[in-house]
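Worksheet: the structure to be examined is printed underneath.
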Amino acid sequence: MPDPTVPPTPPVALDALLARADLGLRRIAGPADPAVVVHWAHTSEMADPYPYLLGGELLLSAGVHIPDGAGAGYFDAYVSRIVAAGGAALGFGVAPVHDTVPGALVEACEMHGLPLLEVPPRTTFSAVARALWQLMAQARTAELRRVTEAQQSLATAAARPDPVPAVLQQLARRLGGRAVLYGPEGTEIAGAGPEPGEEVRTALAKLAEVVRPPSPGHPRTPSPEDPRPPSPGHTRASSSGHRVGSGPDAPAGSSSDLHADLAARPSSASDTVAGVRLVAHALGNGEGFVLGSAAPQRDAGDHTIASVAAVLLSLLTGERHGGSGADRSSALVRLLLGAAPSEVAPLLGGDRWRVVRGRPDGRAAPDPVAASALGAALGSSLVDVAGEVVRVLVPDGRTVERVPGWTLGVSAAAAPRDWPAADAQASRALARARATRTPLLRHGDRPTALTDLVPPAEADAHARALLAPVEQSPALVDTLRTWLSLHGSWDRTAVALDVHRNTVRQRIARCAALLDTDLDDPDVRMELWFALRRT
């Protein structure tokens, strides 16, 4: 069986073979159509080559089969049988049997629209076949390179903060058309590439229904017995994405009817409408998402490229489980019914966790799919979108690394009772990371020597007394903490807090007035920082 991840060997344009100067081939009849392609070469001296042709061949013959005195009727029958078998072109070798190509053969090829090539005496049929295979090998190498580059670009797009639109955009560019993601209800939730006409758009949406599996919470898709209008054009569907069925009974303008058991739901289906090739892939997450594409042409490696995109989108749109779904549901119910976080944590897969706060670079706010992709990159499905920030709860044993396209702040490992404090640590780490343009910043776990020297109760009492004048204003406390952590930088503090630098100056001046102290004094800054660390 062929490897489905490797594109098939593409055919070679007949014009590319004619361009080989070493062969000296010359077209003397038939259309000069650049779309004519050759799949392989076959030599035969049979008067009726039909039983030995598969279609797409360059048939090579020296005319040994031509009887003496053969007239137009013989050549008409000969050429018509080649055309009926799907032959792409006929190469006629001049010498040793015939000095020239018979005129009646030229007329027959012209009448039936079969390209006729004159093969000069110095060119052997083996040389023609070898040149064809060389061109096919070059085309296959180029196609493999194209598919590999497309796979790499799709994988890179999937790692971006907005992975679904990025993957669709890359797919549309690689296919030279339109790529669409349909939701479980059949609505278009994301798309990229030029908008097709209404006829094509409607046909693609209908084709998506052919492959969409029933998903929990959504209506059942009609069965084969249900009244349902067929998709226009011709549709091909199978569980593996290959063509199924094609015969002479197909309606005019189409090569096959829909040969798919809709109850079984094929994983992919194809259609052609208004000269545009339509393909639909059911995503493998079982949640009813479908990837659709519409392109003016379909190259050999396009199926492989679309399949890679479908796999990536399946991962991006599917639910990622850090533990079993039942355990997570049980944990949520217990929390809602009043259980302590320490009792719930084992159901989630660990006793100590880190809070990671992330903010996408260059975007105002993350969407749920981007947040889910960040959770997957960090190895956790416990994700929360809070405005412009995504919060992820990561088990202590899992290393948190940089994620391209995101700025991250990571807390220290904490037991469930300390998760709120860990969230505050992650928030401060994220603010510092954004201010310093650092992709990832971790909260320090090691206590300072000064903290070790002061008893906790006395340190807390001192911190409360020192910060009492500003404790009623969280904005002032946060601004003072951020400003001190960034060494008094007005601009970086403004970036970290998402406020204007003048607002920072006003708040710091207000803090200095309420605290009745000189904030330019390093001793004062040290004492205030010590107090802020205790709150």
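Ordering of the structure tokens sets the chain letters (A, B, ...); residue numbers start at 1 within each chain; ligands are numbered from 1 in the order shown.
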
Please identify every residue of stretch 118-174 of chain A that has at least one atom no farther than 7 Å from an atom of stretch 90-96 of chain A, counting only C-alpha atoms, and for each give the shortest atom pair and the distance in Å to one decimal, arranged by chain then increasing number, as CSV.
residue,atom,partner,partner_atom,distance
A:Glu118,CA,A:Phe92,CA,5.3
A:Val119,CA,A:Gly93,CA,4.6
A:Pro120,CA,A:Val94,CA,5.7
A:Pro121,CA,A:Val94,CA,5.5

Residues within 10 Å of A:Ala433, please, as a list in words. Count only C-alpha atoms; anything in the same chain fewer than 6 positions from it doesn't count. Thr407, Leu408, Gly409, Val410, Ser427, Pro439, Leu440, Leu441, Arg442 and Ala496 of chain A

I'd like to know which residues of stretch 289-455 of chain A are strand (DSSP E or B) (by DSSP, run on the backbone); could you write them as a PyMOL selection string? chain A and resi 290-295+353-360+383-386+389-395+406-410+414+440-442

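Remark: for A:Ser485, the closest of the candidate residues A:Ser473, A:Ala32, A:Leu528, A:Ser126 is A:Leu528 (distances computed over only C-alpha atoms).
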
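Distances from A:Tyr78, A:Leu393, A:Met526, A:Ala531 to A:Ala461 were compared using only C-alpha atoms, and the smallest one belongs to A:Ala531.
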